[in-house]
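So this one's entry-v8.pdb, PDB, C-alpha atoms:
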```pdb
ATOM      1  CA  MET A   1      79.912  62.981  80.810
ATOM      2  CA  VAL A   2      78.873  64.482  84.150
ATOM      3  CA  LEU A   3      77.893  61.025  85.415
ATOM      4  CA  VAL A   4      81.276  59.594  84.414
ATOM      5  CA  VAL A   5      83.080  62.431  86.237
ATOM      6  CA  SER A   6      80.883  61.884  89.305
ATOM      7  CA  ILE A   7      81.652  58.176  89.374
ATOM      8  CA  GLY A   8      85.351  58.858  88.829
ATOM      9  CA  ALA A   9      85.366  61.334  91.718
ATOM     10  CA  ALA A  10      83.591  58.786  93.914
ATOM     11  CA  ILE A  11      86.185  56.122  93.131
ATOM     12  CA  LEU A  12      89.041  58.537  93.801
ATOM     13  CA  LEU A  13      87.529  59.744  97.101
ATOM     14  CA  SER A  14      86.883  56.159  98.150
ATOM     15  CA  ARG A  15      90.446  55.053  97.382
ATOM     16  CA  LEU A  16      91.785  58.029  99.330
ATOM     17  CA  GLY A  17      89.700  56.900 102.311
ATOM     18  CA  VAL A  18      87.675  60.118 102.480
ATOM     19  CA  PHE A  19      84.322  58.378 102.983
ATOM     20  CA  GLU A  20      85.677  55.951 105.551
ATOM     21  CA  SER A  21      87.284  58.817 107.464
ATOM     22  CA  LEU A  22      84.143  60.960 107.454
ATOM     23  CA  ILE A  23      81.970  58.069 108.566
ATOM     24  CA  SER A  24      84.357  57.005 111.337
ATOM     25  CA  GLN A  25      84.436  60.581 112.671
ATOM     26  CA  SER A  26      80.656  60.859 112.813
ATOM     27  CA  LYS A  27      80.031  58.178 115.441
ATOM     28  CA  GLY A  28      76.593  58.540 116.946
ATOM     29  CA  LEU A  29      75.199  60.322 113.902
ATOM     30  CA  ARG A  30      74.375  57.224 111.867
ATOM     31  CA  LEU A  31      70.824  58.319 111.059
ATOM     32  CA  LEU A  32      72.086  61.672 109.806
ATOM     33  CA  GLU A  33      74.716  59.906 107.678
ATOM     34  CA  MET A  34      72.039  57.715 106.123
ATOM     35  CA  PHE A  35      69.750  60.694 105.485
ATOM     36  CA  VAL A  36      72.478  62.835 103.899
ATOM     37  CA  ALA A  37      73.768  59.969 101.726
ATOM     38  CA  GLY A  38      70.191  59.389 100.517
ATOM     39  CA  PHE A  39      69.719  63.104  99.845
ATOM     40  CA  PHE A  40      72.755  63.137  97.560
ATOM     41  CA  TYR A  41      71.863  59.792  95.914
ATOM     42  CA  THR A  42      69.371  61.594  93.663
ATOM     43  CA  SER A  43      71.399  63.941  91.461
ATOM     44  CA  VAL A  44      73.557  63.276  88.432
ATOM     45  CA  LEU A  45      76.294  65.340  90.078
ATOM     46  CA  THR A  46      76.342  63.466  93.384
ATOM     47  CA  VAL A  47      75.050  59.936  92.744
ATOM     48  CA  GLY A  48      78.546  58.402  92.494
ATOM     49  CA  PRO A  49      79.915  59.704  95.794
ATOM     50  CA  ALA A  50      76.572  59.086  97.517
ATOM     51  CA  ALA A  51      76.493  55.456  96.344
ATOM     52  CA  VAL A  52      79.999  54.910  97.726
ATOM     53  CA  ALA A  53      78.990  56.560 101.020
ATOM     54  CA  ILE A  54      75.892  54.340 101.239
ATOM     55  CA  LEU A  55      78.046  51.254 100.717
ATOM     56  CA  GLU A  56      80.526  52.418 103.377
ATOM     57  CA  ILE A  57      77.667  53.010 105.832
ATOM     58  CA  ALA A  58      76.253  49.569 104.966
ATOM     59  CA  GLU A  59      79.395  47.860 106.230
ATOM     60  CA  HIS A  60      78.288  48.478 109.838
ATOM     61  CA  ASN A  61      74.531  49.077 109.641
ATOM     62  CA  SER A  62      71.312  47.382 108.606
ATOM     63  CA  MET A  63      70.522  47.676 104.919
ATOM     64  CA  TRP A  64      66.847  48.033 105.884
ATOM     65  CA  ALA A  65      67.607  51.060 108.052
ATOM     66  CA  ILE A  66      69.867  52.626 105.437
ATOM     67  CA  ALA A  67      67.238  52.184 102.721
ATOM     68  CA  ALA A  68      64.456  53.554 104.954
ATOM     69  CA  ILE A  69      66.338  56.620 106.209
ATOM     70  CA  GLY A  70      68.214  57.211 102.942
ATOM     71  CA  ALA A  71      64.922  57.156 101.041
ATOM     72  CA  LEU A  72      63.639  59.960 103.282
ATOM     73  CA  GLY A  73      66.644  62.080 102.319
ATOM     74  CA  SER A  74      66.089  61.212  98.668
ATOM     75  CA  VAL A  75      62.435  62.252  98.853
ATOM     76  CA  ILE A  76      63.431  65.682 100.163
ATOM     77  CA  ALA A  77      65.921  66.198  97.317
ATOM     78  CA  ASP A  78      63.515  64.753  94.745
ATOM     79  CA  SER A  79      60.721  67.017  96.007
ATOM     80  CA  LEU A  80      62.788  70.129  95.385
ATOM     81  CA  LEU A  81      63.524  69.022  91.836
ATOM     82  CA  PHE A  82      59.948  67.819  91.249
ATOM     83  CA  ILE A  83      58.474  71.177  92.239
ATOM     84  CA  LEU A  84      60.851  72.933  89.864
ATOM     85  CA  VAL A  85      59.993  70.598  86.975
ATOM     86  CA  LYS A  86      56.252  70.640  87.602
ATOM     87  CA  LYS A  87      55.882  74.403  88.082
ATOM     88  CA  GLU A  88      58.534  75.843  85.783
ATOM     89  CA  ILE A  89      59.494  73.373  83.071
ATOM     90  CA  ALA A  90      56.498  71.089  82.385
ATOM     91  CA  PRO A  91      54.045  73.823  81.290
ATOM     92  CA  GLU A  92      56.501  75.009  78.624
ATOM     93  CA  LEU A  93      57.038  71.624  76.954
ATOM     94  CA  PRO A  94      55.001  70.514  73.932
ATOM     95  CA  ALA A  95      55.399  66.884  75.098
ATOM     96  CA  ASN A  96      52.968  67.749  77.889
ATOM     97  CA  LYS A  97      50.083  66.920  75.492
ATOM     98  CA  VAL A  98      51.347  63.349  75.134
ATOM     99  CA  PHE A  99      50.707  62.784  78.828
ATOM    100  CA  LYS A 100      47.006  63.639  78.488
ATOM    101  CA  ASN A 101      46.583  60.174  76.966
ATOM    102  CA  PRO A 102      45.007  57.835  79.587
ATOM    103  CA  ALA A 103      47.546  55.091  78.912
ATOM    104  CA  MET A 104      50.449  57.484  79.470
ATOM    105  CA  LYS A 105      48.814  58.860  82.613
ATOM    106  CA  PHE A 106      48.633  55.304  83.945
ATOM    107  CA  LEU A 107      52.169  54.336  82.877
ATOM    108  CA  SER A 108      53.981  57.521  83.934
ATOM    109  CA  PRO A 109      54.219  56.675  87.669
ATOM    110  CA  ILE A 110      55.441  53.181  86.795
ATOM    111  CA  ILE A 111      58.093  54.460  84.389
ATOM    112  CA  GLY A 112      59.071  57.214  86.831
ATOM    113  CA  PHE A 113      59.378  54.603  89.614
ATOM    114  CA  LEU A 114      61.663  52.416  87.488
ATOM    115  CA  ILE A 115      63.904  55.334  86.547
ATOM    116  CA  ILE A 116      64.124  56.626  90.133
ATOM    117  CA  ALA A 117      64.773  53.122  91.511
ATOM    118  CA  SER A 118      67.566  52.516  89.014
ATOM    119  CA  PRO A 119      71.126  53.596  89.746
ATOM    120  CA  LEU A 120      70.650  56.361  87.194
ATOM    121  CA  PRO A 121      70.181  59.875  88.548
ATOM    122  CA  ASP A 122      66.573  60.739  89.408
ATOM    123  CA  GLU A 123      66.228  63.832  87.197
ATOM    124  CA  LEU A 124      64.795  61.931  84.211
ATOM    125  CA  GLY A 125      62.213  60.091  86.312
ATOM    126  CA  LEU A 126      61.274  63.320  88.073
ATOM    127  CA  ALA A 127      60.881  65.109  84.757
ATOM    128  CA  PHE A 128      58.689  62.258  83.573
ATOM    129  CA  LEU A 129      56.471  62.502  86.651
ATOM    130  CA  GLY A 130      56.390  66.308  86.564
ATOM    131  CA  ILE A 131      55.472  66.546  82.888
ATOM    132  CA  SER A 132      52.759  63.917  83.284
ATOM    133  CA  GLY A 133      51.055  65.959  86.005
ATOM    134  CA  THR A 134      51.508  63.431  88.797
ATOM    135  CA  ARG A 135      49.852  64.689  91.971
ATOM    136  CA  ASN A 136      52.068  65.582  94.921
ATOM    137  CA  TRP A 137      50.841  62.784  97.220
ATOM    138  CA  LYS A 138      51.394  60.186  94.483
ATOM    139  CA  PHE A 139      54.829  61.623  93.755
ATOM    140  CA  LEU A 140      55.842  61.332  97.426
ATOM    141  CA  ALA A 141      54.771  57.681  97.531
ATOM    142  CA  VAL A 142      56.484  56.825  94.232
ATOM    143  CA  SER A 143      59.661  58.670  95.220
ATOM    144  CA  TYR A 144      59.929  57.031  98.637
ATOM    145  CA  LEU A 145      59.226  53.505  97.395
ATOM    146  CA  ALA A 146      61.516  53.882  94.382
ATOM    147  CA  ASN A 147      64.404  55.320  96.390
ATOM    148  CA  PHE A 148      63.976  52.707  99.135
ATOM    149  CA  THR A 149      64.037  49.976  96.488
ATOM    150  CA  GLY A 150      67.026  51.471  94.675
ATOM    151  CA  ILE A 151      69.138  51.921  97.804
ATOM    152  CA  PHE A 152      68.179  48.487  99.139
ATOM    153  CA  LEU A 153      69.045  46.800  95.838
ATOM    154  CA  LEU A 154      72.338  48.715  95.540
ATOM    155  CA  ILE A 155      73.445  47.434  98.935
ATOM    156  CA  GLY A 156      72.121  43.931  98.327
ATOM    157  CA  VAL A 157      73.724  43.521  94.917
ATOM    158  CA  VAL A 158      77.108  44.846  96.012
ATOM    159  CA  HIS A 159      77.105  42.682  99.168
ATOM    160  CA  SER A 160      76.219  39.604  97.129
ATOM    161  CA  LEU A 161      79.155  40.280  94.790
ATOM    162  CA  VAL A 162      81.704  40.889  97.545
TER     163      VAL A 162
END
```
When written as C-alpha cells, how does the structure in this file appear?
Amino acid sequence: MVLVVSIGAAILLSRLGVFESLISQSKGLRLLEMFVAGFFYTSVLTVGPAAVAILEIAEHNSMWAIAAIGALGSVIADSLLFILVKKEIAPELPANKVFKNPAMKFLSPIIGFLIIASPLPDELGLAFLGISGTRNWKFLAVSYLANFTGIFLLIGVVHSLV
C-alpha cells in the first residue's frame, strides 16, 4: 500500500512539474542532484519520487554518471538501514539460524543483490543481507553494484520505451 501511494505521489508531482522545476533551478549542482536522487531511491516511502527524479535528470545527463553518483547516495542510505537491521533486528529473529547453512551464506549476497537492483525498495534485500551476517565490506560492494545496476537499467529501459 505504501509503495502504491509513493508511486501515485511521484506521478502527481511529475505531472505538476515539481521535479522539472526543482532540477531546472539547481543548475550547476548536477552531481548533488544525482546523489540525492540515489539516496532516496532506496526506501519504500521514496522510491517512486526518486525514480521520477532520476529519469528527469537523465534527460540531460549521462546515464553512466547518474548511475555512478546515484549509487553512492544509495549506498549511504542503505548503510544506515543495514546497520539497523544487522545490529538491532537480525539477532532477535529465529530465521537467523537458517543463514548458518553454507548454501544460504553463499546465496544471500546474490539474492540481496537481485532485490536491491530491482525497482523494489531495498529494505527486503538489506534485511536479507543483515540477517545472513554479511560483512560490512561485502555489503558495501553488493550495495554499490546493485544500486548502480538498478539505476542504470531503470534509465535504459525507460529510454528504450520512449
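Distance-wise, atom CA of Leu29 of chain A and atom CA of Ile57 of chain A end up 11.2 Å apart.
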Taking 3 positions as the minimum chain separation for residues in the same chain, which residues sit within 10 Å of Ala65 of chain A when counting only C-alpha atoms? Answer as a PyMOL selection string. chain A and resi 30-31+34+58+61-62+68-71+148+152
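Coordinates place atom CA of Leu154 of chain A at a distance of 22.7 Å from atom CA of Ala127 of chain A.
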The distance between atom CA of Phe82 of chain A and atom CA of Val47 of chain A is 17.1 Å
Restricting to all atoms listed in the file, whichever of A:Lys86, A:Ile54, A:Leu32, A:Ser108 is closest to Gly130 of chain A is A:Lys86
Counting all atoms listed in the file, the residue among A:Asn101, A:Asn136, A:Ser143, A:Ser79 that lies closest to Ala117 of chain A is A:Ser143
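Within 8 Å of the point (58.9, 62.0, 99.1), counting all atoms listed in the file, the protein and nucleic acid residues come to A:Ala71, A:Leu72, A:Ser74, A:Val75, A:Ile76, A:Asp78, A:Ser79, A:Phe139, A:Leu140, A:Ala141, A:Val142, A:Ser143, A:Tyr144.
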Next item on the list: List every protein, DNA or RNA residue that has at least one atom no more than 9 Å from (76.2, 61.2, 96.6) in the file's coordinates, counting only C-alpha atoms, and write the result as an MDAnalysis selection string.
Entry: chainID A and resid 6 10 36:54
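Residue nearest His159 of chain A, chosen from A:Ala77, A:Leu129, A:Val85, A:Glu59 and counting all atoms listed in the file: A:Glu59.
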Padding of 6 Å on every side, edges along x, y and z, all listed atoms of segment 119-123 of chain A included: what centre and edge lengths in Å, to one decimal, does that box have, as JSON?
```
{"center_x": 68.7, "center_y": 58.7, "center_z": 88.5, "size_x": 16.9, "size_y": 22.2, "size_z": 14.6}
```
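Considering the residues A:Gly150, A:Pro102, A:Gly133, A:Gly73 and counting all atoms listed in the file, Leu120 of chain A has its shortest atom-to-atom contact with A:Gly150.
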Could you pull segment 24-145 of chain A out of the structure I just pasted and write it to a file containing C-alpha atoms, as an mmCIF file, in the first residue's frame?
```
data_model
loop_
_atom_site.group_PDB
_atom_site.id
_atom_site.type_symbol
_atom_site.label_atom_id
_atom_site.label_comp_id
_atom_site.auth_asym_id
_atom_site.auth_seq_id
_atom_site.Cartn_x
_atom_site.Cartn_y
_atom_site.Cartn_z
ATOM 1 C CA SER A 24 15.937 23.420 -13.597
ATOM 2 C CA GLN A 25 16.528 25.633 -10.543
ATOM 3 C CA SER A 26 19.545 23.643 -9.395
ATOM 4 C CA LYS A 27 21.813 24.367 -12.365
ATOM 5 C CA GLY A 28 25.412 23.621 -11.527
ATOM 6 C CA LEU A 29 24.503 21.123 -8.821
ATOM 7 C CA ARG A 30 24.029 18.113 -11.085
ATOM 8 C CA LEU A 31 26.233 15.812 -9.008
ATOM 9 C CA LEU A 32 24.295 16.704 -5.869
ATOM 10 C CA GLU A 33 21.006 16.058 -7.694
ATOM 11 C CA MET A 34 22.231 12.630 -8.760
ATOM 12 C CA PHE A 35 23.462 11.804 -5.251
ATOM 13 C CA VAL A 36 20.237 12.898 -3.536
ATOM 14 C CA ALA A 37 18.020 11.084 -6.063
ATOM 15 C CA GLY A 38 20.078 7.921 -5.469
ATOM 16 C CA PHE A 39 19.836 8.362 -1.698
ATOM 17 C CA PHE A 40 16.041 8.423 -1.889
ATOM 18 C CA TYR A 41 15.877 5.582 -4.458
ATOM 19 C CA THR A 42 16.317 3.048 -1.645
ATOM 20 C CA SER A 43 13.241 3.344 0.573
ATOM 21 C CA VAL A 44 9.700 2.113 0.104
ATOM 22 C CA LEU A 45 8.493 5.602 1.016
ATOM 23 C CA THR A 46 10.619 7.486 -1.509
ATOM 24 C CA VAL A 47 11.405 5.105 -4.381
ATOM 25 C CA GLY A 48 8.605 6.438 -6.622
ATOM 26 C CA PRO A 49 9.537 10.122 -6.470
ATOM 27 C CA ALA A 50 13.249 9.273 -6.629
ATOM 28 C CA ALA A 51 12.762 7.163 -9.770
ATOM 29 C CA VAL A 52 10.925 10.045 -11.449
ATOM 30 C CA ALA A 53 13.686 12.462 -10.389
ATOM 31 C CA ILE A 54 16.348 10.106 -11.781
ATOM 32 C CA LEU A 55 14.502 9.952 -15.098
ATOM 33 C CA GLU A 56 14.176 13.756 -15.201
ATOM 34 C CA ILE A 57 17.907 14.129 -14.501
ATOM 35 C CA ALA A 58 18.642 11.538 -17.209
ATOM 36 C CA GLU A 59 17.073 13.741 -19.870
ATOM 37 C CA HIS A 60 20.160 15.998 -19.831
ATOM 38 C CA ASN A 61 22.932 13.873 -18.309
ATOM 39 C CA SER A 62 24.877 10.682 -18.893
ATOM 40 C CA MET A 63 23.171 7.567 -17.593
ATOM 41 C CA TRP A 64 26.618 6.278 -16.581
ATOM 42 C CA ALA A 65 27.228 9.329 -14.398
ATOM 43 C CA ILE A 66 23.752 9.195 -12.880
ATOM 44 C CA ALA A 67 24.123 5.501 -12.047
ATOM 45 C CA ALA A 68 27.615 6.007 -10.581
ATOM 46 C CA ILE A 69 26.779 9.037 -8.429
ATOM 47 C CA GLY A 70 23.245 7.876 -7.590
ATOM 48 C CA ALA A 71 24.622 4.533 -6.414
ATOM 49 C CA LEU A 72 26.879 6.382 -3.962
ATOM 50 C CA GLY A 73 23.829 8.096 -2.475
ATOM 51 C CA SER A 74 22.022 4.763 -2.336
ATOM 52 C CA VAL A 75 24.930 3.127 -0.509
ATOM 53 C CA ILE A 76 24.799 5.805 2.190
ATOM 54 C CA ALA A 77 21.054 5.289 2.714
ATOM 55 C CA ASP A 78 21.392 1.502 2.514
ATOM 56 C CA SER A 79 24.241 1.570 5.045
ATOM 57 C CA LEU A 80 22.084 3.320 7.619
ATOM 58 C CA LEU A 81 19.347 0.732 7.195
ATOM 59 C CA PHE A 82 21.826 -2.169 7.061
ATOM 60 C CA ILE A 83 23.421 -1.183 10.364
ATOM 61 C CA LEU A 84 19.996 -1.008 11.979
ATOM 62 C CA VAL A 85 18.976 -4.426 10.635
ATOM 63 C CA LYS A 86 22.279 -6.110 11.442
ATOM 64 C CA LYS A 87 22.675 -4.733 14.974
ATOM 65 C CA GLU A 88 19.098 -4.444 16.207
ATOM 66 C CA ILE A 89 16.781 -6.724 14.254
ATOM 67 C CA ALA A 90 18.801 -9.717 12.982
ATOM 68 C CA PRO A 91 19.887 -11.059 16.404
ATOM 69 C CA GLU A 92 16.247 -11.241 17.527
ATOM 70 C CA LEU A 93 14.957 -13.286 14.579
ATOM 71 C CA PRO A 94 14.709 -17.086 14.708
ATOM 72 C CA ALA A 95 15.314 -17.173 10.923
ATOM 73 C CA ASN A 96 18.909 -16.212 11.701
ATOM 74 C CA LYS A 97 19.698 -19.943 12.160
ATOM 75 C CA VAL A 98 18.672 -20.648 8.563
ATOM 76 C CA PHE A 99 21.509 -18.444 7.354
ATOM 77 C CA LYS A 100 24.135 -20.559 9.136
ATOM 78 C CA ASN A 101 23.689 -23.075 6.312
ATOM 79 C CA PRO A 102 26.675 -22.795 3.898
ATOM 80 C CA ALA A 103 24.416 -22.728 0.844
ATOM 81 C CA MET A 104 22.383 -19.848 2.271
ATOM 82 C CA LYS A 105 25.551 -17.996 3.258
ATOM 83 C CA PHE A 106 26.707 -18.270 -0.354
ATOM 84 C CA LEU A 107 23.335 -17.338 -1.884
ATOM 85 C CA SER A 108 22.422 -14.457 0.442
ATOM 86 C CA PRO A 109 24.617 -11.807 -1.255
ATOM 87 C CA ILE A 110 23.297 -12.896 -4.652
ATOM 88 C CA ILE A 111 19.662 -12.740 -3.547
ATOM 89 C CA GLY A 112 20.288 -9.449 -1.737
ATOM 90 C CA PHE A 113 21.923 -8.047 -4.902
ATOM 91 C CA LEU A 114 18.925 -9.029 -7.041
ATOM 92 C CA ILE A 115 16.442 -7.480 -4.620
ATOM 93 C CA ILE A 116 18.448 -4.251 -4.263
ATOM 94 C CA ALA A 117 18.983 -3.993 -8.037
ATOM 95 C CA SER A 118 15.278 -4.441 -8.724
ATOM 96 C CA PRO A 119 12.909 -1.480 -8.735
ATOM 97 C CA LEU A 120 11.543 -2.757 -5.435
ATOM 98 C CA PRO A 121 12.575 -0.866 -2.311
ATOM 99 C CA ASP A 122 15.878 -2.029 -0.813
ATOM 100 C CA GLU A 123 14.605 -2.868 2.686
ATOM 101 C CA LEU A 124 13.951 -6.550 1.914
ATOM 102 C CA GLY A 125 17.369 -7.077 0.331
ATOM 103 C CA LEU A 126 19.037 -5.247 3.210
ATOM 104 C CA ALA A 127 17.177 -7.367 5.741
ATOM 105 C CA PHE A 128 18.290 -10.452 3.850
ATOM 106 C CA LEU A 129 21.929 -9.357 3.924
ATOM 107 C CA GLY A 130 21.743 -8.223 7.555
ATOM 108 C CA ILE A 131 20.147 -11.422 8.831
ATOM 109 C CA SER A 132 22.641 -13.557 6.920
ATOM 110 C CA GLY A 133 25.565 -11.841 8.648
ATOM 111 C CA THR A 134 27.087 -10.321 5.524
ATOM 112 C CA ARG A 135 30.299 -8.496 6.397
ATOM 113 C CA ASN A 136 30.372 -4.718 6.037
ATOM 114 C CA TRP A 137 32.908 -4.626 3.176
ATOM 115 C CA LYS A 138 30.898 -7.202 1.208
ATOM 116 C CA PHE A 139 27.695 -5.288 1.893
ATOM 117 C CA LEU A 140 29.218 -2.054 0.546
ATOM 118 C CA ALA A 141 30.304 -3.791 -2.663
ATOM 119 C CA VAL A 142 26.950 -5.544 -3.143
ATOM 120 C CA SER A 143 25.000 -2.364 -2.397
ATOM 121 C CA TYR A 144 27.013 -0.193 -4.778
ATOM 122 C CA LEU A 145 26.963 -2.682 -7.654
#
```
